[in-house]
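Participant: One structure is given below, represented as structure tokens, and several questions about it will come after.
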Amino acid sequence: MQIADTPGHIAVIAPTGRGEKPLAATQSWSLKSVPLDRKLERALEKSSLIGTGALQFHLKASIDDPMNSSSDYSAKIDEIWAGPKQWRRTIDSKGFKQTLIVNGDQVSEKNDGDYYPLWLQNFIRAIFEPVPNVTQWESQDARLTQTTLANGERMNGCVGARSEVGSETLKSSVYSDLCLDGNGMLAFYSSPGYSMEFYDYKSFGGKHVARRYESHPEPGLRLVAAITLLDKVKDPDPSSFAITEPTSPEQRLLSIGVPQSTVELAILHAPPIVWPPVHSGGTSGMLTMYISIDRNGRIREIYPLTSDNAELEEVAREHLLQWQLKQLTVRGSPAQAESTIILHFDTKLLPSAPAPPDQGPTVLPIRMNAKAAGALLISHPTPVYPQDALLSHLWGTVVLELTVDREGIPRDIHVLSTPGGSFSRAAMDVLRQARYRPYLVNGKPVEIQFTVSVDFTLQ
């Protein structure tokens, strides 16, 4: 296999080995939009460990940061499941431990740690209940963009949705996405505060269960969960579910979603924010952040969602960490909470920075052309030509949009056009592991956004 790179392009060239002329993309597959209907519901029915027709099981899973063996983002999960009303789950992470037992109408919950991290909650959600709002997706006439190869194989189909968040005075749009693979199984789900990729589906008791999960909670951070054990359990030991002292609902750790207005009413202390001058980009606009609040009213996790100037995201993060809130409660008991927060900023350009041309509001990350961004590329792994495309003699170009953060690490990778799902996955795998030189403005690194083409060619 040959690789021929030019700025803005990554070319992957594979020999056909038969001297046959490859088929053009437009001759080799069809693209159509199909209603989502009950496809998502059926996907979850086929893959759910705890849904209709589920077997009793014993599961173990590990969560790790593959790039940092000593990372705080590490956990072990152990679950014995005998049915919806009889199961036991233990979570063991560096900052939080939980043993949760359900036995009929009784619940026992023992927590060690004052905060259940959002990133850890998301992996629990992905393994056991991966899509929290199935009926909303299927009630809004959503449509999948579906690609079918000449041999009848279906590739990933995806659908997106937009929603509005904020307060009466500040509003912003946020986005949710889901993708089903060619076999109709869940491949990707993303909504504010929760994003997960699903891999390595394998059979288990008449179902097909994902064995690997990947999350990218913030730029440069990749977390992976792997199911290390999944066995059928014929007769679970009743002592595993024994509860000597039930935990009342008021004593359990709850996590709720609240609107920005609820958070604002709970503010006890929020110092005034001073927006520093920026090197470039918009000087007035909004930053939308996703926050997780502990039971004591302290903000513990903050993730950027949308930004009119990414240079100010860290300033917004540091500001929100100083907020002190009243305890948010459910039926009088303190609860963890999640919310989207929109902050409005007004600032100015640094004197040394040239004023941007008057082209309307400028949004950071800084937009670059593909050639200029390609010149910053340091390295990328060897692309793998999709096996299904080789067998079908298919070729084509995947066009993607991505953001490169201040450390030169790609994030927010989106496919703009593709000849097929397997090409998309191969191209995204390359870009996730690519590394760029940080782009400097007045000597300081800034985020950049651009499009790149990954060409797959047969010879």
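Residue numbering restarts at 1 for every chain of the structure tokens, chains are lettered A, B, ... in their displayed order, and ligands are numbered from 1 as they appear.
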Which residues in segment 224-327 of chain A does DSSP call alpha helix (DSSP H)? List them as a PDB file with N, CA, C and O atoms, in the first residue's frame.

Facilitator:
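Contents of the output file part_5.pdb:
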```
ATOM      1  N   GLN A 260     -30.704  26.349  32.889  1.00  0.00           N
ATOM      2  CA  GLN A 260     -29.818  27.409  33.365  1.00  0.00           C
ATOM      3  C   GLN A 260     -30.504  28.294  34.394  1.00  0.00           C
ATOM      4  O   GLN A 260     -29.867  28.742  35.354  1.00  0.00           O
ATOM      5  N   SER A 261     -31.783  28.521  34.239  1.00  0.00           N
ATOM      6  CA  SER A 261     -32.489  29.389  35.181  1.00  0.00           C
ATOM      7  C   SER A 261     -32.456  28.830  36.599  1.00  0.00           C
ATOM      8  O   SER A 261     -32.346  29.583  37.574  1.00  0.00           O
ATOM      9  N   THR A 262     -32.525  27.503  36.739  1.00  0.00           N
ATOM     10  CA  THR A 262     -32.453  26.884  38.067  1.00  0.00           C
ATOM     11  C   THR A 262     -31.082  27.088  38.681  1.00  0.00           C
ATOM     12  O   THR A 262     -30.947  27.376  39.878  1.00  0.00           O
ATOM     13  N   VAL A 263     -30.043  26.948  37.855  1.00  0.00           N
ATOM     14  CA  VAL A 263     -28.683  27.160  38.352  1.00  0.00           C
ATOM     15  C   VAL A 263     -28.511  28.611  38.793  1.00  0.00           C
ATOM     16  O   VAL A 263     -27.942  28.894  39.860  1.00  0.00           O
ATOM     17  N   GLU A 264     -29.003  29.540  38.001  1.00  0.00           N
ATOM     18  CA  GLU A 264     -28.849  30.960  38.337  1.00  0.00           C
ATOM     19  C   GLU A 264     -29.544  31.309  39.651  1.00  0.00           C
ATOM     20  O   GLU A 264     -29.030  32.097  40.453  1.00  0.00           O
ATOM     21  N   LEU A 265     -30.710  30.723  39.896  1.00  0.00           N
ATOM     22  CA  LEU A 265     -31.423  30.983  41.147  1.00  0.00           C
ATOM     23  C   LEU A 265     -30.693  30.390  42.352  1.00  0.00           C
ATOM     24  O   LEU A 265     -30.904  30.831  43.493  1.00  0.00           O
ATOM     25  N   GLU A 313     -12.494  29.991  26.263  1.00  0.00           N
ATOM     26  CA  GLU A 313     -13.090  28.831  26.923  1.00  0.00           C
ATOM     27  C   GLU A 313     -12.444  28.559  28.282  1.00  0.00           C
ATOM     28  O   GLU A 313     -13.133  28.246  29.256  1.00  0.00           O
ATOM     29  N   GLU A 314     -11.128  28.658  28.356  1.00  0.00           N
ATOM     30  CA  GLU A 314     -10.453  28.386  29.622  1.00  0.00           C
ATOM     31  C   GLU A 314     -10.782  29.458  30.657  1.00  0.00           C
ATOM     32  O   GLU A 314     -10.908  29.168  31.851  1.00  0.00           O
ATOM     33  N   VAL A 315     -10.952  30.694  30.216  1.00  0.00           N
ATOM     34  CA  VAL A 315     -11.367  31.769  31.125  1.00  0.00           C
ATOM     35  C   VAL A 315     -12.758  31.462  31.682  1.00  0.00           C
ATOM     36  O   VAL A 315     -13.009  31.613  32.887  1.00  0.00           O
ATOM     37  N   ALA A 316     -13.658  31.014  30.814  1.00  0.00           N
ATOM     38  CA  ALA A 316     -15.010  30.666  31.259  1.00  0.00           C
ATOM     39  C   ALA A 316     -14.969  29.500  32.248  1.00  0.00           C
ATOM     40  O   ALA A 316     -15.689  29.498  33.257  1.00  0.00           O
ATOM     41  N   ARG A 317     -14.123  28.518  31.971  1.00  0.00           N
ATOM     42  CA  ARG A 317     -14.010  27.364  32.859  1.00  0.00           C
ATOM     43  C   ARG A 317     -13.546  27.794  34.256  1.00  0.00           C
ATOM     44  O   ARG A 317     -14.105  27.394  35.272  1.00  0.00           O
ATOM     45  N   GLU A 318     -12.487  28.607  34.295  1.00  0.00           N
ATOM     46  CA  GLU A 318     -11.963  29.058  35.586  1.00  0.00           C
ATOM     47  C   GLU A 318     -12.993  29.895  36.341  1.00  0.00           C
ATOM     48  O   GLU A 318     -13.090  29.831  37.571  1.00  0.00           O
ATOM     49  N   HIS A 319     -13.770  30.669  35.605  1.00  0.00           N
ATOM     50  CA  HIS A 319     -14.823  31.478  36.242  1.00  0.00           C
ATOM     51  C   HIS A 319     -15.904  30.594  36.863  1.00  0.00           C
ATOM     52  O   HIS A 319     -16.296  30.791  38.022  1.00  0.00           O
ATOM     53  N   LEU A 320     -16.375  29.600  36.113  1.00  0.00           N
ATOM     54  CA  LEU A 320     -17.446  28.742  36.613  1.00  0.00           C
ATOM     55  C   LEU A 320     -16.996  27.922  37.819  1.00  0.00           C
ATOM     56  O   LEU A 320     -17.801  27.627  38.714  1.00  0.00           O
TER      57      LEU A 320
END
```

Participant: How close does each residue of segment 130-245 of chain A get to segment 330-351 of chain A, giving the shortest atom pair and distance in Å to one decimal for every residue with an atom at most 12 Å away, counting only C-alpha atoms, sorted by chain and residue number, as JSON lines?

Facilitator:
```
{"residue": "A:Ser163", "atom": "CA", "partner": "A:Thr340", "partner_atom": "CA", "distance": 11.9}
{"residue": "A:Glu164", "atom": "CA", "partner": "A:Thr340", "partner_atom": "CA", "distance": 10.3}
{"residue": "A:Val165", "atom": "CA", "partner": "A:Thr340", "partner_atom": "CA", "distance": 7.0}
{"residue": "A:Gly166", "atom": "CA", "partner": "A:Ile342", "partner_atom": "CA", "distance": 6.0}
{"residue": "A:Ser167", "atom": "CA", "partner": "A:Ile342", "partner_atom": "CA", "distance": 8.1}
{"residue": "A:Glu168", "atom": "CA", "partner": "A:Ile342", "partner_atom": "CA", "distance": 11.1}
{"residue": "A:Thr169", "atom": "CA", "partner": "A:Ile342", "partner_atom": "CA", "distance": 9.9}
{"residue": "A:Leu170", "atom": "CA", "partner": "A:Ile342", "partner_atom": "CA", "distance": 6.6}
{"residue": "A:Lys171", "atom": "CA", "partner": "A:Ile342", "partner_atom": "CA", "distance": 7.4}
{"residue": "A:Ser172", "atom": "CA", "partner": "A:Ile342", "partner_atom": "CA", "distance": 7.5}
{"residue": "A:Ser173", "atom": "CA", "partner": "A:Ile342", "partner_atom": "CA", "distance": 10.5}
{"residue": "A:Val174", "atom": "CA", "partner": "A:Thr340", "partner_atom": "CA", "distance": 9.5}
{"residue": "A:Ser191", "atom": "CA", "partner": "A:Thr340", "partner_atom": "CA", "distance": 11.5}
{"residue": "A:Pro192", "atom": "CA", "partner": "A:Thr340", "partner_atom": "CA", "distance": 8.0}
{"residue": "A:Gly193", "atom": "CA", "partner": "A:Glu338", "partner_atom": "CA", "distance": 8.2}
{"residue": "A:Tyr194", "atom": "CA", "partner": "A:Glu338", "partner_atom": "CA", "distance": 10.9}
```

Participant: Can you pull out every residue within 12 Å of Val430 of chain A, counting only C-alpha atoms, but drop anything in the same chain fewer than 5 positions away, and send it as a list in words?

Facilitator: His9, Ile10, Ala11, Val12, Ser379, His380, Pro381, Thr382, Pro383, Val384, Tyr385, Val398, Leu400, Pro410, Ile413, Phe423, Ser424, Arg425, Arg435, Val452, Ser453, Val454 and Asp455 of chain A

Participant: Could you write out that same residue set with N, CA, C and O atoms as an mmCIF file, in the first residue's frame?

Facilitator:
```cif
data_model
loop_
_atom_site.group_PDB
_atom_site.id
_atom_site.type_symbol
_atom_site.label_atom_id
_atom_site.label_comp_id
_atom_site.auth_asym_id
_atom_site.auth_seq_id
_atom_site.Cartn_x
_atom_site.Cartn_y
_atom_site.Cartn_z
ATOM 1 N N HIS A 9 -4.481 16.909 1.888
ATOM 2 C CA HIS A 9 -4.929 15.612 1.396
ATOM 3 C C HIS A 9 -4.076 14.496 2.003
ATOM 4 O O HIS A 9 -2.881 14.646 2.205
ATOM 5 N N ILE A 10 -4.718 13.367 2.274
ATOM 6 C CA ILE A 10 -4.016 12.126 2.607
ATOM 7 C C ILE A 10 -4.500 11.099 1.599
ATOM 8 O O ILE A 10 -5.699 10.804 1.532
ATOM 9 N N ALA A 11 -3.591 10.593 0.775
ATOM 10 C CA ALA A 11 -3.965 9.648 -0.270
ATOM 11 C C ALA A 11 -3.582 8.236 0.145
ATOM 12 O O ALA A 11 -2.465 7.996 0.594
ATOM 13 N N VAL A 12 -4.515 7.290 -0.005
ATOM 14 C CA VAL A 12 -4.277 5.884 0.310
ATOM 15 C C VAL A 12 -4.448 5.100 -0.977
ATOM 16 O O VAL A 12 -5.531 5.080 -1.560
ATOM 17 N N SER A 379 2.506 14.170 11.783
ATOM 18 C CA SER A 379 2.476 12.722 11.561
ATOM 19 C C SER A 379 1.046 12.219 11.589
ATOM 20 O O SER A 379 0.146 12.858 12.135
ATOM 21 N N HIS A 380 0.853 11.059 10.975
ATOM 22 C CA HIS A 380 -0.400 10.333 11.085
ATOM 23 C C HIS A 380 -0.102 8.853 10.882
ATOM 24 O O HIS A 380 0.898 8.493 10.240
ATOM 25 N N PRO A 381 -0.899 7.944 11.432
ATOM 26 C CA PRO A 381 -0.634 6.522 11.250
ATOM 27 C C PRO A 381 -0.885 6.091 9.818
ATOM 28 O O PRO A 381 -1.515 6.813 9.035
ATOM 29 N N THR A 382 -0.388 4.943 9.471
ATOM 30 C CA THR A 382 -0.611 4.401 8.133
ATOM 31 C C THR A 382 -2.093 4.083 7.956
ATOM 32 O O THR A 382 -2.655 3.304 8.720
ATOM 33 N N PRO A 383 -2.761 4.698 6.986
ATOM 34 C CA PRO A 383 -4.185 4.415 6.792
ATOM 35 C C PRO A 383 -4.393 2.968 6.353
ATOM 36 O O PRO A 383 -3.530 2.366 5.698
ATOM 37 N N VAL A 384 -5.525 2.414 6.714
ATOM 38 C CA VAL A 384 -5.883 1.055 6.322
ATOM 39 C C VAL A 384 -7.002 1.115 5.295
ATOM 40 O O VAL A 384 -8.061 1.713 5.554
ATOM 41 N N TYR A 385 -6.756 0.531 4.128
ATOM 42 C CA TYR A 385 -7.795 0.517 3.092
ATOM 43 C C TYR A 385 -8.892 -0.440 3.535
ATOM 44 O O TYR A 385 -8.626 -1.591 3.876
ATOM 45 N N VAL A 398 -13.036 10.856 1.085
ATOM 46 C CA VAL A 398 -13.777 11.282 2.261
ATOM 47 C C VAL A 398 -13.342 12.706 2.601
ATOM 48 O O VAL A 398 -12.143 12.974 2.736
ATOM 49 N N LEU A 400 -13.572 15.635 5.374
ATOM 50 C CA LEU A 400 -13.889 15.788 6.792
ATOM 51 C C LEU A 400 -13.577 17.196 7.266
ATOM 52 O O LEU A 400 -12.705 17.866 6.711
ATOM 53 N N PRO A 410 -6.222 16.611 17.116
ATOM 54 C CA PRO A 410 -7.521 16.763 16.464
ATOM 55 C C PRO A 410 -8.677 16.416 17.404
ATOM 56 O O PRO A 410 -8.569 15.536 18.264
ATOM 57 N N ILE A 413 -14.221 15.789 14.975
ATOM 58 C CA ILE A 413 -14.063 15.365 13.577
ATOM 59 C C ILE A 413 -15.432 14.984 13.021
ATOM 60 O O ILE A 413 -16.132 14.147 13.597
ATOM 61 N N PHE A 423 -15.169 3.701 4.507
ATOM 62 C CA PHE A 423 -14.199 4.745 4.190
ATOM 63 C C PHE A 423 -14.200 5.819 5.279
ATOM 64 O O PHE A 423 -13.155 6.323 5.674
ATOM 65 N N SER A 424 -15.399 6.183 5.767
ATOM 66 C CA SER A 424 -15.495 7.198 6.818
ATOM 67 C C SER A 424 -14.739 6.772 8.059
ATOM 68 O O SER A 424 -13.974 7.541 8.648
ATOM 69 N N ARG A 425 -14.961 5.524 8.496
ATOM 70 C CA ARG A 425 -14.293 5.040 9.703
ATOM 71 C C ARG A 425 -12.783 5.028 9.536
ATOM 72 O O ARG A 425 -12.037 5.412 10.438
ATOM 73 N N ARG A 435 -1.129 14.172 14.365
ATOM 74 C CA ARG A 435 -0.615 15.230 15.236
ATOM 75 C C ARG A 435 -0.139 16.394 14.368
ATOM 76 O O ARG A 435 0.487 16.203 13.315
ATOM 77 N N VAL A 452 -10.212 18.496 5.429
ATOM 78 C CA VAL A 452 -9.136 17.690 4.893
ATOM 79 C C VAL A 452 -9.751 16.558 4.081
ATOM 80 O O VAL A 452 -10.840 16.073 4.399
ATOM 81 N N SER A 453 -9.084 16.174 3.025
ATOM 82 C CA SER A 453 -9.562 15.070 2.168
ATOM 83 C C SER A 453 -8.668 13.860 2.364
ATOM 84 O O SER A 453 -7.435 13.983 2.385
ATOM 85 N N VAL A 454 -9.285 12.702 2.502
ATOM 86 C CA VAL A 454 -8.558 11.433 2.547
ATOM 87 C C VAL A 454 -8.992 10.644 1.310
ATOM 88 O O VAL A 454 -10.149 10.256 1.189
ATOM 89 N N ASP A 455 -8.054 10.484 0.395
ATOM 90 C CA ASP A 455 -8.341 9.830 -0.891
ATOM 91 C C ASP A 455 -7.985 8.355 -0.836
ATOM 92 O O ASP A 455 -6.844 7.995 -0.484
#
```

Participant: Which residue out of A:Arg38, A:Lys110, A:Arg300, A:Arg125 has the minimum interatomic distance to Thr247 of chain A when only C-alpha atoms are used?

Facilitator: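 When distances to Thr247 of chain A are compared using only C-alpha atoms, the smallest one comes from A:Lys110.
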
Participant: How many Å separate atom CA of Val233 of chain A from atom CA of Phe57 of chain A?

Facilitator: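 Straight-line distance from atom CA of Val233 of chain A to atom CA of Phe57 of chain A works out to 4.9 Å.
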
Participant: Excluding segment 82-97 of chain A and any residue of its chain fewer than 5 positions from it, enumerate the residues within 12 Å of it, using only C-alpha atoms, and give them as JSON, numbers by chain.

Facilitator: {"A": [49, 50, 51, 52, 53, 54, 55, 56, 57, 58, 59, 60, 61, 62, 63, 64, 70, 71, 72, 73, 74, 75, 76, 77, 102, 103, 104, 105, 106, 107, 108, 109, 110, 111, 112, 113, 114, 115, 116, 117, 118, 119, 120, 121, 123, 124, 128, 232, 233, 234, 235, 236, 237, 238, 239, 240, 241, 242, 243, 253]}

Participant: Within segment 29-227 of chain A, find each residue whose DSSP state, derived from the backbone, is strand (DSSP E), and express the selection as an MDAnalysis selection string.

Facilitator: chainID A and resid 29:35 57:64 75:83 86:93 97:103 106:112 143:149 157:166 171:180 186:191 194:204 207:218 221:227

Participant: May I have the residues within 7 Å of Ile366 of chain A as a list in words, using only C-alpha atoms and disregarding those fewer than 5 positions away in the same chain?

Facilitator: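 Residues meeting the cut-off are Glu447, Ile448 and Gln449 of chain A.
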
Participant: List the spatial neighbours of Val224 of chain A as JSON, numbers by chain - criterion: any atom at most 8 Å away, only C-alpha atoms, same-chain residues fewer than 3 positions off excluded.

Facilitator: {"A": [63, 64, 65, 66, 212, 213, 214, 215]}

Participant: Between A:Gly396, A:Pro386, A:Gly282, A:Gly408, single out the one closest to Asp429 of chain A, counting only C-alpha atoms.

Facilitator: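 Using only C-alpha atoms, the shortest distance to Asp429 of chain A belongs to A:Pro386.
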
Participant: May I ask for the distance between atom CA of Thr135 of chain A and atom CA of Asp37 of chain A, given in Å to one decimal place?

Facilitator: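 Rounded to one decimal, the two atoms are 10.0 Å apart.
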
Participant: Which residue gives the smallest distance to Ser280 of chain A among A:Thr329, A:Asn133, A:Asn442, A:Ser422, with only C-alpha atoms counted?

Facilitator: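 For Ser280 of chain A, the nearest of the given residues is A:Asn442.
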
Participant: By how many Å are atom CA of Pro445 of chain A and atom CA of Ala370 of chain A apart?

Facilitator: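 Atom CA of Ala370 of chain A lies 18.3 Å from atom CA of Pro445 of chain A.
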
Participant: I'd like the contact shell of Met185 of chain A - 8 Å cut-off, only C-alpha atoms, skipping same-chain residues fewer than 3 positions apart - returned as a list in words.

Facilitator: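 Answer for this query is Ala43, Leu44, Lys46, Ser47, Leu180, Asp181 and Gly182 of chain A.
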
Participant: Which of these, A:Gln387, A:Ser69, A:Thr418, A:Thr288, has the shortest distance to Leu312 of chain A once you count only C-alpha atoms?

Facilitator: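 Smallest separation from Leu312 of chain A among the options: A:Thr288.
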